[in-house]
Every structure is written in structure tokens, then in C-alpha cells.
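Quick look at run.tsv (TSV, C-alpha atoms):
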chain	number	residue	atom	x	y	z
A	1	MET	CA	148.00	159.40	61.22
A	2	THR	CA	144.70	161.02	62.23
A	3	LEU	CA	141.27	159.44	62.08
A	4	GLN	CA	140.45	161.94	59.33
A	5	ASN	CA	143.14	160.37	57.10
A	6	LEU	CA	142.41	156.76	58.00
A	7	PRO	CA	139.44	156.17	55.65
A	8	ALA	CA	141.47	157.17	52.57
A	9	LYS	CA	144.24	154.78	53.65
A	10	ARG	CA	141.74	151.98	54.28
A	11	MET	CA	140.12	152.53	50.90
A	12	GLN	CA	143.55	152.32	49.28
A	13	LEU	CA	144.26	149.07	51.13
A	14	LEU	CA	140.92	147.59	50.07
A	15	ARG	CA	141.68	148.45	46.44
A	16	ARG	CA	144.97	146.57	46.68
A	17	THR	CA	143.16	143.64	48.30
A	18	LEU	CA	140.67	143.53	45.43
A	19	LYS	CA	143.47	143.56	42.90
A	20	ASP	CA	145.32	140.76	44.68
A	21	ALA	CA	142.09	138.73	44.83
A	22	HIS	CA	141.47	139.29	41.10
A	23	LEU	CA	138.19	141.08	41.83
A	24	ASP	CA	136.82	143.98	39.78
A	25	GLY	CA	135.00	145.45	42.73
A	26	TYR	CA	133.31	145.11	46.11
A	27	LEU	CA	129.76	146.23	47.00
A	28	THR	CA	128.69	146.87	50.58
A	29	VAL	CA	125.49	148.03	52.28
A	30	SER	CA	126.90	147.48	55.78
A	31	THR	CA	126.90	150.69	57.82
A	32	VAL	CA	129.87	149.42	59.85
A	33	GLU	CA	131.94	148.83	56.71
A	34	GLN	CA	130.78	152.14	55.25
A	35	ARG	CA	131.88	153.98	58.38
A	36	TYR	CA	135.21	152.18	58.37
A	37	LEU	CA	135.86	153.04	54.73
A	38	SER	CA	134.51	156.61	54.69
A	39	GLY	CA	134.73	157.87	58.27
A	40	ILE	CA	131.05	158.88	58.05
A	41	ASP	CA	128.32	157.46	60.27
A	42	LEU	CA	125.43	156.31	58.07
A	43	SER	CA	122.14	154.62	58.91
A	44	ASP	CA	120.74	151.46	57.36
A	45	GLY	CA	119.48	152.07	53.85
A	46	GLU	CA	121.17	155.43	53.36
A	47	ALA	CA	123.88	154.36	50.90
A	48	VAL	CA	125.47	151.65	48.80
A	49	PHE	CA	129.24	151.65	48.34
A	50	LEU	CA	130.95	150.24	45.26
A	51	ILE	CA	134.74	150.05	45.45
A	52	THR	CA	136.88	149.09	42.47
A	53	PRO	CA	140.69	148.76	42.20
A	54	ALA	CA	140.69	152.23	40.59
A	55	LYS	CA	137.90	154.22	42.25
A	56	ALA	CA	135.24	154.21	44.97
A	57	TYR	CA	131.60	155.24	44.58
A	58	CYS	CA	128.78	156.01	46.99
A	59	VAL	CA	125.25	155.73	45.60
A	60	THR	CA	122.90	157.48	47.99
A	61	LYS	CA	119.78	159.60	48.43
A	62	LYS	CA	119.91	163.23	47.41
A	63	LEU	CA	119.53	164.47	50.99
A	64	ILE	CA	122.62	162.44	52.06
A	65	VAL	CA	124.96	163.80	49.36
A	66	SER	CA	126.13	166.76	51.46
A	67	LYS	CA	126.77	164.44	54.41
A	68	MET	CA	129.37	162.64	52.31
A	69	THR	CA	131.43	165.80	51.67
A	70	PRO	CA	134.27	164.90	54.10
A	71	ALA	CA	135.03	161.82	51.97
A	72	ARG	CA	134.80	163.45	48.55
A	73	ALA	CA	138.55	163.29	47.92
A	74	PHE	CA	138.46	159.48	47.71
A	75	LEU	CA	134.76	158.59	47.40
A	76	LYS	CA	132.68	159.81	44.45
A	77	THR	CA	129.08	160.37	45.56
A	78	GLU	CA	126.13	160.00	43.19
A	79	ASP	CA	122.48	160.39	44.11
A	80	ALA	CA	119.71	158.02	43.05
A	81	PRO	CA	115.92	158.26	43.44
A	82	PHE	CA	114.64	156.98	46.79
A	83	GLY	CA	114.47	153.18	46.86
A	84	THR	CA	116.72	152.68	43.86
A	85	MET	CA	120.19	152.93	45.38
A	86	LEU	CA	120.96	149.23	45.05
A	87	ALA	CA	119.65	149.22	41.49
A	88	GLY	CA	121.77	152.32	40.82
A	89	ALA	CA	124.88	150.58	42.10
A	90	LEU	CA	124.17	147.51	39.96
A	91	GLU	CA	123.68	149.74	36.93
A	92	LYS	CA	127.02	151.38	37.74
A	93	ILE	CA	128.64	147.94	37.66
A	94	LYS	CA	127.24	147.38	34.17
A	95	LYS	CA	128.33	150.80	32.89
A	96	LEU	CA	131.87	150.26	34.17
A	97	GLY	CA	131.99	146.81	32.61
A	98	LEU	CA	132.92	145.12	35.88
A	99	LYS	CA	132.79	141.35	35.53
A	100	ARG	CA	133.74	140.02	38.95
A	101	VAL	CA	132.29	142.09	41.81
A	102	ALA	CA	132.06	140.65	45.32
A	103	PHE	CA	129.79	141.12	48.33
A	104	ASP	CA	129.90	139.67	51.84
A	105	PRO	CA	126.89	137.34	52.28
A	106	ASN	CA	127.15	137.67	56.06
A	107	LEU	CA	126.38	141.40	55.89
A	108	VAL	CA	123.20	141.45	53.76
A	109	ASP	CA	119.65	140.26	54.33
A	110	PHE	CA	118.25	137.32	52.36
A	111	MET	CA	116.47	139.41	49.71
A	112	THR	CA	119.49	141.62	49.06
A	113	GLY	CA	121.72	138.56	48.83
A	114	GLU	CA	119.36	137.01	46.28
A	115	THR	CA	119.31	140.24	44.25
A	116	LEU	CA	123.09	140.51	44.20
A	117	THR	CA	123.57	136.85	43.31
A	118	LYS	CA	121.08	137.08	40.43
A	119	ALA	CA	122.94	140.18	39.22
A	120	GLY	CA	126.10	138.08	38.93
A	121	LEU	CA	127.99	139.24	42.02
A	122	VAL	CA	130.18	136.69	43.78
A	123	ARG	CA	130.35	135.89	47.47
A	124	ALA	CA	133.50	136.81	49.39
A	125	ASP	CA	133.49	136.53	53.17
A	126	GLY	CA	135.37	138.96	55.35
A	127	LEU	CA	137.33	141.15	52.90
A	128	VAL	CA	136.86	144.26	55.04
A	129	ASN	CA	136.41	142.31	58.26
A	130	GLU	CA	139.97	141.03	58.03
A	131	MET	CA	141.24	144.59	57.57
A	132	ARG	CA	139.38	145.73	60.68
A	133	LYS	CA	140.98	143.21	63.05
A	134	ALA	CA	144.30	145.03	63.43
A	135	LYS	CA	143.84	148.56	64.72
A	136	TYR	CA	145.68	151.72	63.68
A	137	PRO	CA	147.35	153.82	66.43
A	138	ASP	CA	144.55	156.41	66.51
A	139	GLU	CA	141.96	153.66	66.79
A	140	ILE	CA	143.92	152.15	69.68
A	141	ALA	CA	144.04	155.54	71.39
A	142	ARG	CA	140.24	155.80	71.25
A	143	LEU	CA	139.73	152.23	72.42
A	144	ARG	CA	142.11	152.92	75.29
A	145	LYS	CA	140.11	156.03	76.22
A	146	ALA	CA	136.80	154.15	76.02
A	147	CYS	CA	138.22	151.50	78.37
A	148	LYS	CA	139.52	154.16	80.76
A	149	ILE	CA	136.07	155.77	80.90
A	150	ALA	CA	134.53	152.39	81.73
A	151	TRP	CA	136.87	151.33	84.50
A	152	GLU	CA	137.09	154.77	86.12
A	153	SER	CA	133.29	154.92	86.14
A	154	PHE	CA	133.10	151.51	87.79
A	155	ALA	CA	135.64	152.59	90.41
A	156	GLU	CA	133.36	155.53	91.21
A	157	VAL	CA	130.08	153.62	91.22
A	158	GLN	CA	130.94	150.36	92.99
A	159	PRO	CA	131.38	151.95	96.45
A	160	LYS	CA	127.99	153.67	96.03
A	161	ILE	CA	126.08	150.43	95.52
A	162	LYS	CA	123.97	149.83	98.64
A	163	THR	CA	121.48	147.28	99.89
A	164	GLY	CA	117.99	148.21	98.69
A	165	MET	CA	119.03	149.79	95.39
A	166	THR	CA	117.46	148.35	92.25
A	167	GLU	CA	119.40	147.04	89.29
A	168	GLU	CA	118.06	150.01	87.33
A	169	ASP	CA	119.33	152.43	90.01
A	170	VAL	CA	122.87	151.11	89.53
A	171	ARG	CA	122.53	151.07	85.73
A	172	VAL	CA	121.67	154.78	85.80
A	173	LEU	CA	124.62	155.55	88.08
A	174	MET	CA	126.96	153.83	85.62
A	175	ALA	CA	125.45	155.59	82.63
A	176	VAL	CA	125.84	159.00	84.25
A	177	ALA	CA	129.42	158.24	85.35
A	178	MET	CA	130.43	157.21	81.84
A	179	HIS	CA	128.71	160.14	80.15
A	180	LYS	CA	130.35	162.71	82.43
A	181	ARG	CA	133.75	161.25	81.53
A	182	GLY	CA	133.14	161.80	77.83
A	183	ALA	CA	131.25	158.71	76.60
A	184	ASP	CA	129.28	159.38	73.41
A	185	SER	CA	126.78	156.59	74.08
A	186	ILE	CA	126.26	153.50	76.23
A	187	PRO	CA	125.67	150.44	74.00
A	188	PHE	CA	125.12	148.06	76.92
A	189	ASN	CA	125.02	148.40	80.69
A	190	ILE	CA	124.09	145.12	82.39
A	191	VAL	CA	123.47	145.07	86.15
A	192	CYS	CA	122.44	141.81	87.83
A	193	PHE	CA	121.67	140.85	91.44
A	194	GLY	CA	121.37	137.40	92.96
A	195	GLU	CA	119.82	134.78	90.68
A	196	ASN	CA	119.91	137.25	87.78
A	197	THR	CA	123.71	136.99	87.66
A	198	ALA	CA	123.21	133.55	86.09
A	199	ASP	CA	121.56	135.26	83.08
A	200	ALA	CA	124.55	136.15	80.90
A	201	HIS	CA	122.77	139.08	79.16
A	202	HIS	CA	120.21	140.07	81.76
A	203	THR	CA	118.11	143.23	81.32
A	204	PRO	CA	118.31	145.35	84.52
A	205	SER	CA	115.07	145.35	86.52
A	206	LYS	CA	113.38	148.43	87.96
A	207	THR	CA	112.00	146.36	90.84
A	208	ARG	CA	114.71	143.81	91.74
A	209	LYS	CA	116.42	145.22	94.84
A	210	LEU	CA	119.84	144.31	96.12
A	211	LYS	CA	119.82	142.22	99.27
A	212	LYS	CA	122.58	141.87	101.79
A	213	GLY	CA	124.57	138.76	101.11
A	214	GLU	CA	124.13	137.98	97.43
A	215	ALA	CA	126.00	137.99	94.13
A	216	VAL	CA	126.40	141.06	91.89
A	217	LEU	CA	127.50	141.08	88.24
A	218	MET	CA	128.04	144.18	86.10
A	219	ASP	CA	128.93	144.10	82.37
A	220	PHE	CA	129.33	147.52	80.78
A	221	GLY	CA	131.04	149.63	78.15
A	222	CYS	CA	130.76	152.86	76.24
A	223	PHE	CA	131.46	154.38	72.86
A	224	TYR	CA	134.09	157.10	72.67
A	225	GLU	CA	134.53	158.81	69.27
A	226	GLY	CA	133.10	155.72	67.59
A	227	TYR	CA	135.07	153.04	69.47
A	228	THR	CA	133.80	150.82	72.26
A	229	SER	CA	134.95	149.33	75.55
A	230	ASP	CA	133.81	146.18	77.36
A	231	MET	CA	134.44	144.86	80.86
A	232	THR	CA	132.68	142.72	83.47
A	233	ARG	CA	133.04	142.46	87.24
A	234	SER	CA	131.50	139.97	89.68
A	235	TRP	CA	131.53	140.08	93.48
A	236	TRP	CA	129.60	139.19	96.64
A	237	HIS	CA	127.69	142.00	98.31
A	238	GLY	CA	127.39	142.81	101.98
A	239	THR	CA	128.70	139.75	103.81
A	240	PRO	CA	131.68	137.44	103.46
A	241	ALA	CA	131.24	135.40	100.30
A	242	PRO	CA	130.25	131.73	100.74
A	243	ALA	CA	133.11	129.30	100.23
A	244	GLU	CA	131.51	127.94	97.04
A	245	TYR	CA	131.24	131.42	95.50
A	246	THR	CA	134.89	132.17	96.32
A	247	GLN	CA	135.95	128.82	94.87
A	248	ILE	CA	134.10	129.43	91.60
A	249	TRP	CA	135.32	133.04	91.40
A	250	ASN	CA	138.91	131.79	91.68
A	251	ILE	CA	138.35	129.19	88.96
A	252	VAL	CA	136.97	131.84	86.60
A	253	ASP	CA	139.85	134.15	87.43
A	254	LYS	CA	142.35	131.35	86.76
A	255	ALA	CA	140.65	130.72	83.40
A	256	ARG	CA	140.84	134.40	82.56
A	257	ARG	CA	144.54	134.51	83.36
A	258	ALA	CA	145.15	131.38	81.26
A	259	GLY	CA	143.37	132.97	78.29
A	260	VAL	CA	145.40	136.15	78.65
A	261	LYS	CA	148.66	134.21	78.89
A	262	ALA	CA	147.86	132.51	75.57
A	263	LEU	CA	147.02	135.81	73.86
A	264	ARG	CA	149.70	136.90	71.40
A	265	PRO	CA	150.09	137.50	67.64
A	266	GLY	CA	149.74	134.43	65.44
A	267	VAL	CA	147.89	132.31	67.99
A	268	THR	CA	144.48	131.10	66.86
A	269	ALA	CA	141.26	132.27	68.44
A	270	GLY	CA	140.46	128.64	69.16
A	271	ALA	CA	143.71	128.18	71.11
A	272	ILE	CA	142.88	131.11	73.37
A	273	ASP	CA	139.39	129.76	73.98
A	274	LYS	CA	140.87	126.35	74.76
A	275	ALA	CA	143.38	127.78	77.25
A	276	ALA	CA	140.59	129.35	79.29
A	277	ARG	CA	138.04	126.56	78.77
A	278	ASP	CA	140.49	123.82	79.80
A	279	VAL	CA	140.77	125.39	83.26
A	280	ILE	CA	137.02	125.42	83.77
A	281	GLU	CA	136.52	121.92	82.35
A	282	ALA	CA	139.32	120.53	84.52
A	283	ALA	CA	137.49	121.93	87.55
A	284	GLY	CA	134.33	120.10	86.48
A	285	TYR	CA	132.27	123.07	85.28
A	286	GLY	CA	132.55	122.81	81.49
A	287	LYS	CA	128.77	122.67	81.02
A	288	GLU	CA	128.38	125.86	83.05
A	289	PHE	CA	130.65	127.84	80.70
A	290	ILE	CA	127.97	128.70	78.13
A	291	HIS	CA	129.59	131.26	75.80
A	292	THR	CA	132.80	132.03	73.93
A	293	THR	CA	135.94	133.16	75.75
A	294	GLY	CA	135.94	136.59	74.13
A	295	HIS	CA	135.70	138.77	71.05
A	296	GLY	CA	137.22	141.73	69.31
A	297	ILE	CA	136.05	145.27	70.05
A	298	GLY	CA	136.21	148.30	67.78
A	299	LEU	CA	133.49	150.04	65.83
A	300	ILE	CA	131.06	147.47	67.25
A	301	VAL	CA	130.94	145.71	70.61
A	302	HIS	CA	131.14	142.11	69.38
A	303	ASP	CA	133.67	142.35	66.59
A	304	ALA	CA	136.08	139.94	64.90
A	305	PRO	CA	137.98	137.94	65.91
A	306	ILE	CA	135.64	135.79	68.03
A	307	LEU	CA	137.57	133.67	70.55
A	308	ARG	CA	135.53	130.50	70.12
A	309	SER	CA	136.23	126.80	70.26
A	310	GLY	CA	137.93	125.40	67.18
A	311	SER	CA	138.42	128.74	65.40
A	312	ALA	CA	141.49	128.75	63.14
A	313	ALA	CA	141.46	132.56	62.81
A	314	GLU	CA	144.85	133.94	63.79
A	315	ILE	CA	145.06	136.92	66.13
A	316	PRO	CA	147.03	139.78	64.53
A	317	GLU	CA	149.24	142.25	66.31
A	318	ASN	CA	147.29	145.37	67.32
A	319	ALA	CA	143.99	143.53	67.59
A	320	VAL	CA	141.94	144.55	70.64
A	321	VAL	CA	139.99	141.70	72.22
A	322	THR	CA	138.19	140.74	75.41
A	323	VAL	CA	138.87	137.68	77.54
A	324	GLU	CA	135.73	136.82	79.54
A	325	PRO	CA	135.21	133.29	80.84
A	326	GLY	CA	132.24	132.60	83.09
A	327	ILE	CA	130.44	129.95	85.13
A	328	TYR	CA	126.67	130.13	85.65
A	329	PHE	CA	124.26	128.19	87.86
A	330	ALA	CA	120.68	128.78	86.69
A	331	GLY	CA	118.41	130.14	89.41
A	332	LYS	CA	121.35	130.60	91.80
A	333	TRP	CA	124.17	132.89	90.67
A	334	GLY	CA	126.84	133.31	88.02
A	335	ILE	CA	130.33	134.76	87.71
A	336	ARG	CA	131.96	136.38	84.67
A	337	LEU	CA	135.26	138.28	84.70
A	338	GLU	CA	136.17	140.31	81.62
A	339	ASP	CA	138.94	142.65	80.57
A	340	SER	CA	139.96	144.16	77.23
A	341	PHE	CA	143.47	143.71	75.84
A	342	LEU	CA	145.67	145.14	73.11
A	343	VAL	CA	147.65	142.38	71.37
A	344	THR	CA	151.30	143.44	71.23
A	345	LYS	CA	154.41	141.93	69.65
A	346	THR	CA	155.15	139.93	72.78
A	347	GLY	CA	151.72	139.27	74.30
A	348	ALA	CA	148.86	141.42	75.52
A	349	LYS	CA	148.48	144.75	77.30
A	350	LYS	CA	145.48	145.22	79.60
A	351	LEU	CA	143.33	148.26	78.75
A	352	THR	CA	140.80	147.89	81.57
A	353	GLN	CA	141.79	148.23	85.22
A	354	LYS	CA	140.42	147.85	88.75
Before we go any further, please render this structure as C-alpha cells.
Amino acid sequence: MTLQNLPAKRMQLLRRTLKDAHLDGYLTVSTVEQRYLSGIDLSDGEAVFLITPAKAYCVTKKLIVSKMTPARAFLKTEDAPFGTMLAGALEKIKKLGLKRVAFDPNLVDFMTGETLTKAGLVRADGLVNEMRKAKYPDEIARLRKACKIAWESFAEVQPKIKTGMTEEDVRVLMAVAMHKRGADSIPFNIVCFGENTADAHHTPSKTRKLKKGEAVLMDFGCFYEGYTSDMTRSWWHGTPAPAEYTQIWNIVDKARRAGVKALRPGVTAGAIDKAARDVIEAAGYGKEFIHTTGHGIGLIVHDAPILRSGSAAEIPENAVVTVEPGIYFAGKWGIRLEDSFLVTKTGAKKLTQK
């Protein structure tokens, strides 16, 4: 199945889901959900989708109507005056006599949520989000390519990193390397030296220069044909690593391997987080592990499922997720090791290398 045919199949699946849930329809203003269901990249405020068990509608501005042409076989597009798209969709609900229409409260702002609730729509978390967890073969192919671009670019850039370069110098090298390999865009490209490696989402500095004998952390990914990659590497630059750094690196690596070993269909996200977190806590550094163990990747960088403590969400076959434990010492240095994995029938297949 090609990506061109996927939106029609997804729309069909959503219609069945609505029928099974005894819902008359589903309204979404989320650009991620709209892209997933139509195959068309829209910006915030450009359209409102209304999907019923029988038909799907796009209420949009007049200048966007032609943009929706590729989806016309399964998505009826209607234009509304500027600023009235949501009102137009609500009027459509009335005209069709739909009594039980849902929206996802996590994907709308407060005012929109209030408007939809007052109009009689019901809240339903994650209808489309659940569909997006398991990837189709063509989605997997693009995720695999995005990961290949990322790790091949890192393999090229890492040997070029020299004492005296700034974090921004290295960030640019990575961006160029990923673009020349076919990346469409670079959603994040974190480069950290020394004490900055303890800042989990540091913004690369144009003035902070790399010194001989200090920690380096790089967290990067790219979009390829709409799908993202994500990986992180940590190492010691220029001199043999101090014993403490090597010890902590090995603990993080052991935690990563424990998380990967637990990764398979049917296991909960919380169980995977626990497998990795238990290693770090047993070593005495639980307070220094300050984020979740991982997350899904797909049309967005931080996608469902989130591998967090206590989560009962089950990991489906063909999900693509990261495993990325870390230990951070504020003002000193931090270590994070991250790879992306395809969940298979028997376990997990690594998509990032090096």
C-alpha cells in the first residue's frame, strides 16, 4: 500500500471505530490528525474536519479548497467565510442531524473546547491517537529512512568535531549532513558541551567552545517525507574519560539495554520505563533520571505511546518508539543514550545505528 492510499484506508478505519463506539461523528482541528487522515499538510486554522460513519467533510477557507484536491475521493470539501469554519462545521452537524459527535479535548485550546462542549459535542480521548500508534509498512519505510539519515550524518560529523568549535558550529554541520542525505527539515538538533550536557533540552550556543577533556551530548533527528527520527549520543572529548563518567555511561547503557529487552507487543509503556529506571535507581541515581524512558515517533517527534512510569498503555506491534534513559548532574555533565526501535512480533528491531 502506498502513502497515497493510506489516508482513505485510515478514514475507513476511523468510520468503523466511530460506529463501534456508537458515535455519530468526530470533529478535529488538529493539523497532525488532519494530515494523518487526508495525507495533506495543513497549518493551524486552515480547516475543520468532520468525520461520520458514512462520510467525511472538510470545512475550510476558499483559498484552501484546491489544496484538498488529492483527498477529494474520500473527503468532501466545503468552503466557509474566513473565521467561520468551526461554526460551519457545527452547522453541518445540525443539518445532518448528528446527535453524538466527539472531539479530543487534548487537541483543542480552552476556548475551542468550551465552544464544542456548549454545542453538545462529547469528549473522547485518543480515537485517532490510538490508530496512529501502529505504523503501516510505508510509514515504517519512511521512519527507517529518517533514522538512516540521522545515524549516517552523525557518523560523518562526529570525527569532524574538534576542540575550539562552538556548539552552533557542530549543529550546522549536522543540519547540512542530514539535508544532503534527503532530510526535508530538522525539527531539533541539540549539541551540548561540558556543563550544558546536564541540560536535557539545551539550545546550542554560538559562543560556547569545546574544550579538550569534557563531555559532549548530541540529540538530533530529521523529517523525511513527513516522518521523523530521533537519536542521542554522549561521549567524552579529547582525553580518556574520567572513571566516574565511564561508570555513569555504563549504567545508562545498561538501562537502555534493559528497556530494549522489555520492548515487545502487549507490554505496557510503564513496564518498559520500569525496566530501564530500575537499573538507574539500583545504582543510586534515580533522582538524576529526570524524564521518561522514551516515546513514539511518527508524524511528530514526541508521539504516543509515551514510555512513562505507571502507564498502562500497551505497546502494539509495528509501533516505533525511542528508548532513552539518562543521568544528569546539574552544573557538571549529563549522559543520555537514545535509539529508535520498531516493535516486532518477537521484540524490537533497532532503526538507528553507530
inquiry  = Restricting the calculation to all atoms listed in the file: of A:Gly238, A:Gly226, A:Gly126, A:Pro187, which residue gets closest to A:Lys211?
reply    = A:Gly238
message = Measuring between only C-alpha atoms, which one of A:Ala102, A:Ser311, A:Ala150, A:Leu342 shows the shortest distance to A:Ser185?
response =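 Distance minimum relative to A:Ser185 lands on A:Ala150.
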Quick one: which stretch 60-122 of chain A residues come within 9 Å of stretch 10-29 of chain A, and what is the nearest atom pair for each with the distance in Å to one decimal, counting only C-alpha atoms, rows ordered by chain and ascending number, as JSON lines?
{"residue": "A:Phe74", "atom": "CA", "partner": "A:Met11", "partner_atom": "CA", "distance": 7.8}
{"residue": "A:Leu75", "atom": "CA", "partner": "A:Met11", "partner_atom": "CA", "distance": 8.8}
{"residue": "A:Leu86", "atom": "CA", "partner": "A:Val29", "partner_atom": "CA", "distance": 8.6}
{"residue": "A:Ala89", "atom": "CA", "partner": "A:Leu27", "partner_atom": "CA", "distance": 8.2}
{"residue": "A:Ile93", "atom": "CA", "partner": "A:Gly25", "partner_atom": "CA", "distance": 8.5}
{"residue": "A:Leu98", "atom": "CA", "partner": "A:Asp24", "partner_atom": "CA", "distance": 5.6}
{"residue": "A:Lys99", "atom": "CA", "partner": "A:Asp24", "partner_atom": "CA", "distance": 6.4}
{"residue": "A:Arg100", "atom": "CA", "partner": "A:Asp24", "partner_atom": "CA", "distance": 5.1}
{"residue": "A:Val101", "atom": "CA", "partner": "A:Gly25", "partner_atom": "CA", "distance": 4.4}
{"residue": "A:Ala102", "atom": "CA", "partner": "A:Tyr26", "partner_atom": "CA", "distance": 4.7}
{"residue": "A:Phe103", "atom": "CA", "partner": "A:Leu27", "partner_atom": "CA", "distance": 5.3}
{"residue": "A:Asp104", "atom": "CA", "partner": "A:Thr28", "partner_atom": "CA", "distance": 7.4}
{"residue": "A:Leu107", "atom": "CA", "partner": "A:Val29", "partner_atom": "CA", "distance": 7.6}
{"residue": "A:Val108", "atom": "CA", "partner": "A:Val29", "partner_atom": "CA", "distance": 7.1}
{"residue": "A:Leu121", "atom": "CA", "partner": "A:Leu27", "partner_atom": "CA", "distance": 8.8}
Atom CA of A:Met178 to atom CA of A:Lys212, straight-line distance in Å =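 A separation of 26.4 Å between them.
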ask   = For A:Lys118, which residue among A:Ala8, A:Val157, A:Ala47, A:Leu90 is the nearest when counting all atoms listed in the file?
value =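 Among the listed residues, the smallest separation from A:Lys118 belongs to A:Leu90.
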query = For the point (131.1, 129.7, 85.2) in file coordinates, what residues are within 6 Å, counting only C-alpha atoms? Give the answer as a ChimeraX atom specification?
reply = /A:288-289,326-328,335
request  = Measure the distance from atom CA of A:Arg264 to atom CA of A:Leu307 in Å and round it to one decimal.
outcome  =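 The value is 12.6 Å.
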query = Could you pull the residues within 10 Å of stretch 250-259 of chain A, counting all atoms listed in the file, minus those fewer than 4 positions along the same chain, as a ChimeraX atom specification?
reply = /A:244-246,263,271-283,285,289,293-294,307,322-327,335-339
key: Best match for closeness to A:Lys135 among A:Ala319, A:Ala241, A:Ala200, A:Leu37, counting all atoms listed in the file   =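 Once distances to A:Lys135 are computed over all atoms listed in the file, the minimum belongs to A:Ala319.
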ask   = Hey, what's within 7 Å of A:Pro316 if we count only C-alpha atoms and toss same-chain stuff fewer than 4 positions away? As an MDAnalysis selection string, please?
value = chainID A and resid 134 265:266
query = Expressed in Å to a single decimal, how great is the separation between atom CA of A:Asp41 and atom CA of A:Val320?
reply =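 Result for atom CA of A:Asp41 versus atom CA of A:Val320: 21.4 Å, one decimal.
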task = Check the smallest atom-to-atom distance from each of A:Tyr224, A:Val321, A:Gly270, A:Lys76 to A:Arg308 using all atoms listed in the file, then report the winner.
result =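 Comparing A:Tyr224, A:Val321, A:Gly270, A:Lys76 against A:Arg308, the winner is A:Gly270.
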task = Go through A:Arg72, A:Lys67, A:Asp125, A:Tyr36 one by one, measure the shortest atom-to-atom distance of each to A:Lys55 using all atoms listed in the file, and give the residue with the smallest value.
result =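 Under the stated criterion, the closest residue is A:Arg72.
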task = Write out as a list in words the residues lying within 12 Å of A:Thr239, counting only C-alpha atoms and excluding same-chain residues fewer than 3 positions away.
result =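 Residues near the query, excluding close chain neighbours: Thr163, Lys211, Lys212, Gly213, Glu214, Ala215, Trp235, Trp236, Pro242 and Ala243 of chain A.
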message = Give me the residues near A:Thr268 as a VMD selection string, where near means some atom within 6 Å (using all atoms listed in the file) and where sequence neighbours in that chain fewer than 3 positions away do not count.
response = chain A and resid 271 312 to 315
What would the file look like if the residues just selected were written as a tab-separated table (two decimals), in the coordinates of the input with C-alpha atoms?
chain	number	residue	atom	x	y	z
A	271	ALA	CA	143.71	128.18	71.11
A	312	ALA	CA	141.49	128.75	63.14
A	313	ALA	CA	141.46	132.56	62.81
A	314	GLU	CA	144.85	133.94	63.79
A	315	ILE	CA	145.06	136.92	66.13
